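The file input-v7.cif comes next; it holds mmCIF, C-alpha atoms; chains and numbers go by the auth columns.
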```cif
data_upload
loop_
_atom_site.group_PDB
_atom_site.id
_atom_site.type_symbol
_atom_site.label_atom_id
_atom_site.label_comp_id
_atom_site.label_asym_id
_atom_site.label_seq_id
_atom_site.Cartn_x
_atom_site.Cartn_y
_atom_site.Cartn_z
_atom_site.B_iso_or_equiv
_atom_site.auth_seq_id
_atom_site.auth_asym_id
ATOM 1 C CA MET A 1 0.000 0.000 0.000 0.00 1 K
ATOM 2 C CA PRO A 2 1.546 3.362 -1.002 0.00 2 K
ATOM 3 C CA ASP A 3 2.130 6.044 1.594 0.00 3 K
ATOM 4 C CA PRO A 4 -0.659 8.578 1.985 0.00 4 K
ATOM 5 C CA VAL A 5 -0.089 11.951 0.328 0.00 5 K
ATOM 6 C CA CYS A 6 -0.639 14.122 3.371 0.00 6 K
ATOM 7 C CA CYS A 7 -1.855 11.887 6.160 0.00 7 K
ATOM 8 C CA ARG A 8 1.194 10.017 7.336 0.00 8 K
ATOM 9 C CA ASN A 9 0.424 9.022 10.931 0.00 9 K
ATOM 10 C CA CYS A 10 -3.000 10.647 10.572 0.00 10 K
ATOM 11 C CA PRO A 11 -5.535 9.244 13.048 0.00 11 K
ATOM 12 C CA ASP A 12 -8.253 9.658 10.362 0.00 12 K
ATOM 13 C CA TYR A 13 -6.398 7.425 7.882 0.00 13 K
ATOM 14 C CA GLY A 14 -7.415 3.815 7.552 0.00 14 K
ATOM 15 C CA PRO A 15 -7.780 1.078 4.932 0.00 15 K
ATOM 16 C CA SER A 16 -11.389 2.074 4.280 0.00 16 K
ATOM 17 C CA SER A 17 -11.042 5.860 4.502 0.00 17 K
ATOM 18 C CA ARG A 18 -7.728 6.171 2.619 0.00 18 K
ATOM 19 C CA CYS A 19 -6.037 9.473 1.897 0.00 19 K
ATOM 20 C CA HIS A 20 -8.136 11.680 -0.391 0.00 20 K
ATOM 21 C CA ARG A 21 -8.334 15.300 -1.482 0.00 21 K
ATOM 22 C CA PHE A 22 -11.580 15.945 0.382 0.00 22 K
ATOM 23 C CA CYS A 23 -10.332 14.668 3.746 0.00 23 K
ATOM 24 C CA PRO A 24 -11.248 17.248 6.400 0.00 24 K
ATOM 25 C CA ALA A 25 -7.730 16.949 7.825 0.00 25 K
ATOM 26 C CA ALA A 26 -6.012 17.597 4.459 0.00 26 K
ATOM 27 C CA PRO A 27 -5.767 21.417 4.760 0.00 27 K
ATOM 28 C CA ARG A 28 -3.881 21.052 8.054 0.00 28 K
ATOM 29 C CA ARG A 29 -1.836 18.043 6.971 0.00 29 K
ATOM 30 C CA LEU A 30 -0.759 19.637 3.667 0.00 30 K
ATOM 31 C CA SER A 31 0.494 22.771 5.418 0.00 31 K
ATOM 32 C CA SER A 32 3.919 22.971 7.001 0.00 32 K
ATOM 33 C CA GLU A 33 2.291 25.204 9.615 0.00 33 K
ATOM 34 C CA GLY A 34 -0.662 22.908 10.364 0.00 34 K
ATOM 35 C CA GLU A 35 -3.292 24.462 12.609 0.00 35 K
ATOM 36 C CA GLN A 36 -1.699 27.928 12.518 0.00 36 K
ATOM 37 C CA SER A 37 -1.975 28.277 8.738 0.00 37 K
ATOM 38 C CA PRO A 38 -3.839 25.433 7.013 0.00 38 K
ATOM 39 C CA VAL A 39 -4.151 25.346 3.239 0.00 39 K
ATOM 40 C CA GLU A 40 -7.304 27.232 2.266 0.00 40 K
ATOM 41 C CA PRO A 41 -10.229 24.859 1.619 0.00 41 K
ATOM 42 C CA LEU A 42 -10.938 25.747 -2.022 0.00 42 K
ATOM 43 C CA VAL A 43 -7.335 25.211 -3.126 0.00 43 K
ATOM 44 C CA ALA A 44 -6.518 22.251 -0.823 0.00 44 K
ATOM 45 C CA PRO A 45 -7.844 19.578 -3.252 0.00 45 K
ATOM 46 C CA LEU A 46 -5.596 20.910 -6.049 0.00 46 K
ATOM 47 C CA VAL A 47 -2.592 21.099 -3.702 0.00 47 K
ATOM 48 C CA PHE A 48 -3.325 17.487 -2.710 0.00 48 K
ATOM 49 C CA GLU A 49 -3.537 16.346 -6.340 0.00 49 K
ATOM 50 C CA LEU A 50 -0.326 18.142 -7.346 0.00 50 K
ATOM 51 C CA LYS A 51 1.518 16.543 -4.448 0.00 51 K
ATOM 52 C CA LYS A 52 -0.019 13.168 -5.271 0.00 52 K
ATOM 53 C CA LEU A 53 1.573 13.279 -8.735 0.00 53 K
ATOM 54 C CA GLY A 54 4.884 12.730 -6.920 0.00 54 K
ATOM 55 C CA VAL A 55 6.895 15.163 -9.052 0.00 55 K
ATOM 56 C CA PHE A 56 5.722 18.496 -7.609 0.00 56 K
ATOM 57 C CA TYR A 57 6.216 19.808 -4.088 0.00 57 K
ATOM 58 C CA PRO A 58 3.657 22.510 -3.233 0.00 58 K
ATOM 59 C CA CYS A 59 4.999 25.112 -0.819 0.00 59 K
ATOM 60 C CA TRP A 60 2.408 27.922 -0.774 0.00 60 K
ATOM 61 C CA SER A 61 -1.092 28.468 -2.110 0.00 61 K
ATOM 62 C CA CYS A 62 -4.028 30.863 -2.209 0.00 62 K
ATOM 63 C CA GLU A 63 -7.647 30.126 -3.126 0.00 63 K
ATOM 64 C CA GLY A 64 -8.111 33.720 -4.311 0.00 64 K
ATOM 65 C CA HIS A 65 -9.805 36.633 -2.603 0.00 65 K
ATOM 66 C CA ALA A 66 -12.037 39.539 -3.619 0.00 66 K
ATOM 67 C CA ASP A 67 -11.953 43.118 -2.405 0.00 67 K
ATOM 68 C CA GLN A 68 -14.931 45.028 -0.964 0.00 68 K
ATOM 69 C CA ASP A 69 -16.254 45.682 -4.481 0.00 69 K
ATOM 70 C CA GLY A 70 -16.121 42.019 -5.435 0.00 70 K
ATOM 71 C CA LYS A 71 -13.126 42.452 -7.753 0.00 71 K
ATOM 72 C CA VAL A 72 -10.301 39.949 -7.599 0.00 72 K
ATOM 73 C CA ARG A 73 -7.697 41.163 -5.119 0.00 73 K
ATOM 74 C CA ASN A 74 -5.585 37.977 -4.977 0.00 74 K
ATOM 75 C CA ILE A 75 -5.714 35.394 -7.742 0.00 75 K
ATOM 76 C CA PRO A 76 -5.817 31.690 -6.912 0.00 76 K
ATOM 77 C CA ARG A 77 -2.414 30.042 -7.299 0.00 77 K
ATOM 78 C CA VAL A 78 -0.194 27.236 -6.098 0.00 78 K
ATOM 79 C CA TRP A 79 3.551 27.690 -5.693 0.00 79 K
ATOM 80 C CA PHE A 80 5.621 24.549 -5.987 0.00 80 K
ATOM 81 C CA TYR A 81 9.064 23.075 -6.498 0.00 81 K
ATOM 82 C CA ALA A 82 9.840 20.513 -9.173 0.00 82 K
ATOM 83 C CA ASP A 83 12.806 18.256 -9.782 0.00 83 K
ATOM 84 C CA SER A 84 12.345 18.306 -13.553 0.00 84 K
ATOM 85 C CA VAL A 85 11.452 21.152 -15.882 0.00 85 K
ATOM 86 C CA VAL A 86 10.083 18.504 -18.244 0.00 86 K
ATOM 87 C CA HIS A 87 7.374 17.853 -15.660 0.00 87 K
ATOM 88 C CA VAL A 88 6.752 21.601 -15.406 0.00 88 K
ATOM 89 C CA ARG A 89 6.299 21.665 -19.185 0.00 89 K
ATOM 90 C CA GLY A 90 3.931 18.704 -18.889 0.00 90 K
ATOM 91 C CA LEU A 91 1.911 20.606 -16.302 0.00 91 K
ATOM 92 C CA ALA A 92 1.702 23.654 -18.579 0.00 92 K
ATOM 93 C CA ASP A 93 0.627 21.441 -21.479 0.00 93 K
ATOM 94 C CA ALA A 94 -1.965 19.750 -19.253 0.00 94 K
ATOM 95 C CA THR A 95 -3.571 23.041 -18.254 0.00 95 K
ATOM 96 C CA ASN A 96 -3.593 24.115 -21.906 0.00 96 K
ATOM 97 C CA ARG A 97 -5.355 20.875 -22.822 0.00 97 K
ATOM 98 C CA LEU A 98 -8.030 21.576 -20.210 0.00 98 K
ATOM 99 C CA PHE A 99 -8.453 25.166 -21.418 0.00 99 K
ATOM 100 C CA ASN A 100 -8.638 24.118 -25.082 0.00 100 K
ATOM 101 C CA ALA A 101 -11.249 21.488 -24.185 0.00 101 K
ATOM 102 C CA GLY A 102 -13.385 24.244 -22.645 0.00 102 K
ATOM 103 C CA ARG A 103 -12.953 22.891 -19.122 0.00 103 K
ATOM 104 C CA LEU A 104 -11.272 26.024 -17.688 0.00 104 K
ATOM 105 C CA SER A 105 -12.619 29.569 -17.740 0.00 105 K
ATOM 106 C CA ARG A 106 -9.146 30.982 -18.296 0.00 106 K
ATOM 107 C CA ARG A 107 -5.834 29.852 -19.645 0.00 107 K
ATOM 108 C CA TRP A 108 -3.576 28.999 -16.686 0.00 108 K
ATOM 109 C CA GLN A 109 0.171 29.382 -16.831 0.00 109 K
ATOM 110 C CA ILE A 110 3.320 28.332 -15.031 0.00 110 K
ATOM 111 C CA VAL A 111 5.339 31.300 -13.799 0.00 111 K
ATOM 112 C CA LEU A 112 8.885 31.233 -12.509 0.00 112 K
ATOM 113 C CA THR A 113 8.936 32.896 -9.109 0.00 113 K
ATOM 114 C CA HIS A 114 10.838 32.729 -5.830 0.00 114 K
ATOM 115 C CA SER A 115 9.896 32.127 -2.244 0.00 115 K
ATOM 116 C CA ASP A 116 12.405 33.772 0.084 0.00 116 K
ATOM 117 C CA ALA A 117 15.585 35.750 -0.509 0.00 117 K
ATOM 118 C CA ASP A 118 17.584 33.114 1.384 0.00 118 K
ATOM 119 C CA ASN A 119 16.106 30.209 -0.618 0.00 119 K
ATOM 120 C CA PRO A 120 18.088 29.475 -3.812 0.00 120 K
ATOM 121 C CA ASP A 121 15.634 26.828 -5.066 0.00 121 K
ATOM 122 C CA THR A 122 13.562 27.607 -8.126 0.00 122 K
ATOM 123 C CA THR A 123 9.903 28.035 -7.312 0.00 123 K
ATOM 124 C CA PHE A 124 7.094 27.885 -9.858 0.00 124 K
ATOM 125 C CA SER A 125 3.542 29.164 -9.651 0.00 125 K
ATOM 126 C CA LEU A 126 0.475 27.634 -11.297 0.00 126 K
ATOM 127 C CA GLU A 127 -1.837 30.609 -11.786 0.00 127 K
ATOM 128 C CA PRO A 128 -4.379 32.090 -14.183 0.00 128 K
ATOM 129 C CA GLY A 129 -2.979 34.103 -17.049 0.00 129 K
ATOM 130 C CA PRO A 130 -3.742 37.801 -17.357 0.00 130 K
ATOM 131 C CA ALA A 131 -7.261 38.822 -18.335 0.00 131 K
ATOM 132 C CA PRO A 132 -9.026 42.179 -18.420 0.00 132 K
ATOM 133 C CA GLU A 133 -11.905 41.190 -16.156 0.00 133 K
ATOM 134 C CA ASP A 134 -11.529 38.462 -13.571 0.00 134 K
ATOM 135 C CA SER A 135 -14.324 36.492 -11.976 0.00 135 K
ATOM 136 C CA LEU A 136 -13.189 34.989 -8.708 0.00 136 K
ATOM 137 C CA HIS A 137 -16.059 32.509 -8.826 0.00 137 K
ATOM 138 C CA ALA A 138 -14.932 31.284 -12.273 0.00 138 K
ATOM 139 C CA LEU A 139 -11.286 31.056 -11.198 0.00 139 K
ATOM 140 C CA GLN A 140 -12.238 29.071 -8.100 0.00 140 K
ATOM 141 C CA GLY A 141 -14.307 26.830 -10.367 0.00 141 K
ATOM 142 C CA ASP A 142 -11.109 26.241 -12.330 0.00 142 K
ATOM 143 C CA LEU A 143 -9.472 25.046 -9.092 0.00 143 K
ATOM 144 C CA ARG A 144 -12.208 22.413 -8.773 0.00 144 K
ATOM 145 C CA VAL A 145 -11.852 21.309 -12.406 0.00 145 K
ATOM 146 C CA MET A 146 -8.088 21.013 -12.083 0.00 146 K
ATOM 147 C CA SER A 147 -8.314 19.018 -8.860 0.00 147 K
ATOM 148 C CA ASP A 148 -10.634 16.594 -10.694 0.00 148 K
ATOM 149 C CA GLU A 149 -8.963 16.446 -14.117 0.00 149 K
ATOM 150 C CA LEU A 150 -5.402 17.733 -14.028 0.00 150 K
ATOM 151 C CA ALA A 151 -3.707 14.427 -13.133 0.00 151 K
ATOM 152 C CA ALA A 152 -5.077 12.559 -16.157 0.00 152 K
ATOM 153 C CA SER A 153 -4.313 15.499 -18.434 0.00 153 K
ATOM 154 C CA PHE A 154 -0.796 15.751 -16.979 0.00 154 K
ATOM 155 C CA TRP A 155 0.056 12.119 -17.685 0.00 155 K
ATOM 156 C CA LEU A 156 -1.316 12.425 -21.240 0.00 156 K
ATOM 157 C CA ALA A 157 0.854 15.507 -21.758 0.00 157 K
ATOM 158 C CA CYS A 158 3.902 13.671 -20.382 0.00 158 K
ATOM 159 C CA ASP A 159 3.220 10.696 -22.673 0.00 159 K
ATOM 160 C CA ALA A 160 2.985 13.091 -25.647 0.00 160 K
ATOM 161 C CA LEU A 161 6.282 14.743 -24.665 0.00 161 K
ATOM 162 C CA ALA A 162 7.946 11.332 -24.342 0.00 162 K
ATOM 163 C CA ALA A 163 6.645 10.293 -27.769 0.00 163 K
ATOM 164 C CA GLN A 164 8.160 13.438 -29.301 0.00 164 K
ATOM 165 C CA THR A 165 11.610 12.512 -28.020 0.00 165 K
ATOM 166 C CA ARG A 166 11.603 8.959 -29.388 0.00 166 K
#
```
Could you write out this structure as structure tokens?
Amino acid sequence: MPDPVCCRNCPDYGPSSRCHRFCPAAPRRLSSEGEQSPVEPLVAPLVFELKKLGVFYPCWSCEGHADQDGKVRNIPRVWFYADSVVHVRGLADATNRLFNAGRLSRRWQIVLTHSDADNPDTTFSLEPGPAPEDSLHALQGDLRVMSDELAASFWLACDALAAQTR
């Protein structure tokens, strides 16, 4: 039986319950700060699924927030590390596949970013691309679609990349 994604030593984990993206403990278990700063509930399933792929290491996320006027103040995003830029390319291709299939409201992109000045590791961000008018509700809907469909799309994209190199 493979190790759980986020519930190692979790009292809620068992052979029948398994580790899953909708586990109520997942937001705390996925966060390095646990109870003090759990992963926000709308982005937690996507963080879980990215980590479950085994090639990405999420390190920060935001489910998105609106200002007093209902305009997007903070976009949804997931920052992560990756051992291979080929996998990052596969992730970008996977989100493009979902957008082109009409599954996402916006094209999402992978952005090179950084976490802390004293951290030399390369950090990436999965986030919506620029658009003139954002709908937070639509972007949060994209989080749900990606948590459901991104893994399958990612492996298809990786298979297509592998076929191109043969």
Task: Ground truth for the PyMOL selection byres ((chain K and resi 135-145) around 8), written as a list of chain:residue names - done: K:Leu42, K:Val43, K:Pro45, K:Leu46, K:Glu63, K:Gly64, K:His65, K:Ala66, K:Lys71, K:Val72, K:Ile75, K:Pro76, K:Arg103, K:Leu104, K:Ser105, K:Arg106, K:Pro128, K:Glu133, K:Asp134, K:Met146, K:Ser147, K:Asp148, K:Glu149, K:Leu150
Open item on the list: What's around His87 (chain K) at 12 Å? Count only C-alpha atoms, leave out sequence neighbours fewer than 5 positions away in its own chain, and write the answer as a PyMOL selection string.
Closed with: chain K and resi 50+53-57+80-82+92-94+110+124+151+154-162
- [ ] Work out how far apart CA of Gln164 (chain K) and CA of Asn96 (chain K) are and give it in Å to one decimal.
- [x] 17.5 Å
Open item on the list: Given the point (17.1, 26.5, -9.3) in the file's coordinates, find the residues that have an atom at most 12 Å from it, counting all atoms listed in the file, and give them as JSON, numbers by chain.
Closed with: {"K": [81, 82, 83, 84, 85, 112, 113, 114, 115, 119, 120, 121, 122, 123, 124]}
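Note that the spacing between CA of Thr95 (chain K) and CA of Cys62 (chain K) amounts to 17.9 Å.
Separating CA of Glu49 (chain K) from CA of Arg21 (chain K) is a distance of 6.9 Å.
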TODO: Go through K:Gly129, K:Gly102, K:Pro41, K:Gly90 one by one, measure the shortest atom-to-atom distance of each to Pro24 (chain K) using only C-alpha atoms, and give the residue with the smallest value.
DONE: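 Looking only at the distances to Pro24 (chain K), the closest residue turns out to be K:Pro41.
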- [ ] Could you check which of K:Val86, K:Val39, K:Leu126, K:Cys59 is closest to Thr165 (chain K), using only C-alpha atoms?
- [x] K:Val86
Around the point (2.2, 29.3, -4.4) in the file's coordinates, collect all residues with an atom within 6 Å, using all atoms listed in the file, and return them as a CSV table (one decimal) with C-alpha atoms, keeping the file's coordinate frame.
```
chain,number,residue,atom,x,y,z
K,60,TRP,CA,2.4,27.9,-0.8
K,61,SER,CA,-1.1,28.5,-2.1
K,77,ARG,CA,-2.4,30.0,-7.3
K,78,VAL,CA,-0.2,27.2,-6.1
K,79,TRP,CA,3.6,27.7,-5.7
K,125,SER,CA,3.5,29.2,-9.7
```
Would it be fine to have region 19-39 of chain K, with N, CA and C atoms, given as an mmCIF file, in the first residue's frame?
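Final output, result_36.cif:
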```
data_model
loop_
_atom_site.group_PDB
_atom_site.id
_atom_site.type_symbol
_atom_site.label_atom_id
_atom_site.label_comp_id
_atom_site.auth_asym_id
_atom_site.auth_seq_id
_atom_site.Cartn_x
_atom_site.Cartn_y
_atom_site.Cartn_z
ATOM 1 N N CYS K 19 -6.426 8.077 1.980
ATOM 2 C CA CYS K 19 -6.037 9.473 1.897
ATOM 3 C C CYS K 19 -6.701 10.039 0.631
ATOM 4 N N HIS K 20 -7.444 11.115 0.765
ATOM 5 C CA HIS K 20 -8.136 11.680 -0.391
ATOM 6 C C HIS K 20 -8.181 13.192 -0.289
ATOM 7 N N ARG K 21 -8.409 13.839 -1.425
ATOM 8 C CA ARG K 21 -8.334 15.300 -1.482
ATOM 9 C C ARG K 21 -9.424 16.010 -0.706
ATOM 10 N N PHE K 22 -10.499 15.315 -0.357
ATOM 11 C CA PHE K 22 -11.580 15.945 0.382
ATOM 12 C C PHE K 22 -11.548 15.599 1.877
ATOM 13 N N CYS K 23 -10.474 14.993 2.330
ATOM 14 C CA CYS K 23 -10.332 14.668 3.746
ATOM 15 C C CYS K 23 -10.379 15.966 4.547
ATOM 16 N N PRO K 24 -11.188 16.017 5.601
ATOM 17 C CA PRO K 24 -11.248 17.248 6.400
ATOM 18 C C PRO K 24 -9.915 17.622 7.044
ATOM 19 N N ALA K 25 -9.035 16.661 7.223
ATOM 20 C CA ALA K 25 -7.730 16.949 7.825
ATOM 21 C C ALA K 25 -6.707 17.427 6.792
ATOM 22 N N ALA K 26 -6.994 17.272 5.501
ATOM 23 C CA ALA K 26 -6.012 17.597 4.459
ATOM 24 C C ALA K 26 -5.492 19.031 4.534
ATOM 25 N N PRO K 27 -6.325 20.052 4.708
ATOM 26 C CA PRO K 27 -5.767 21.417 4.760
ATOM 27 C C PRO K 27 -4.710 21.605 5.850
ATOM 28 N N ARG K 28 -4.881 20.961 6.984
ATOM 29 C CA ARG K 28 -3.881 21.052 8.054
ATOM 30 C C ARG K 28 -2.665 20.188 7.742
ATOM 31 N N ARG K 29 -2.914 18.996 7.236
ATOM 32 C CA ARG K 29 -1.836 18.043 6.971
ATOM 33 C C ARG K 29 -0.958 18.473 5.798
ATOM 34 N N LEU K 30 -1.523 19.186 4.829
ATOM 35 C CA LEU K 30 -0.759 19.637 3.667
ATOM 36 C C LEU K 30 0.094 20.864 3.979
ATOM 37 N N SER K 31 -0.221 21.550 5.054
ATOM 38 C CA SER K 31 0.494 22.771 5.418
ATOM 39 C C SER K 31 1.670 22.461 6.333
ATOM 40 N N SER K 32 2.774 23.131 6.104
ATOM 41 C CA SER K 32 3.919 22.971 7.001
ATOM 42 C C SER K 32 3.660 23.653 8.340
ATOM 43 N N GLU K 33 2.622 24.492 8.392
ATOM 44 C CA GLU K 33 2.291 25.204 9.615
ATOM 45 C C GLU K 33 1.013 24.685 10.268
ATOM 46 N N GLY K 34 0.468 23.604 9.756
ATOM 47 C CA GLY K 34 -0.662 22.908 10.364
ATOM 48 C C GLY K 34 -1.820 23.776 10.777
ATOM 49 N N GLU K 35 -2.146 23.730 12.058
ATOM 50 C CA GLU K 35 -3.292 24.462 12.609
ATOM 51 C C GLU K 35 -3.148 25.977 12.467
ATOM 52 N N GLN K 36 -1.917 26.483 12.564
ATOM 53 C CA GLN K 36 -1.699 27.928 12.518
ATOM 54 C C GLN K 36 -2.022 28.507 11.146
ATOM 55 N N SER K 37 -1.764 27.765 10.094
ATOM 56 C CA SER K 37 -1.975 28.277 8.738
ATOM 57 C C SER K 37 -2.296 27.127 7.785
ATOM 58 N N PRO K 38 -3.484 26.542 7.911
ATOM 59 C CA PRO K 38 -3.839 25.433 7.013
ATOM 60 C C PRO K 38 -4.017 25.928 5.577
ATOM 61 N N VAL K 39 -3.891 25.022 4.636
ATOM 62 C CA VAL K 39 -4.151 25.346 3.239
ATOM 63 C C VAL K 39 -5.630 25.721 3.129
#
```
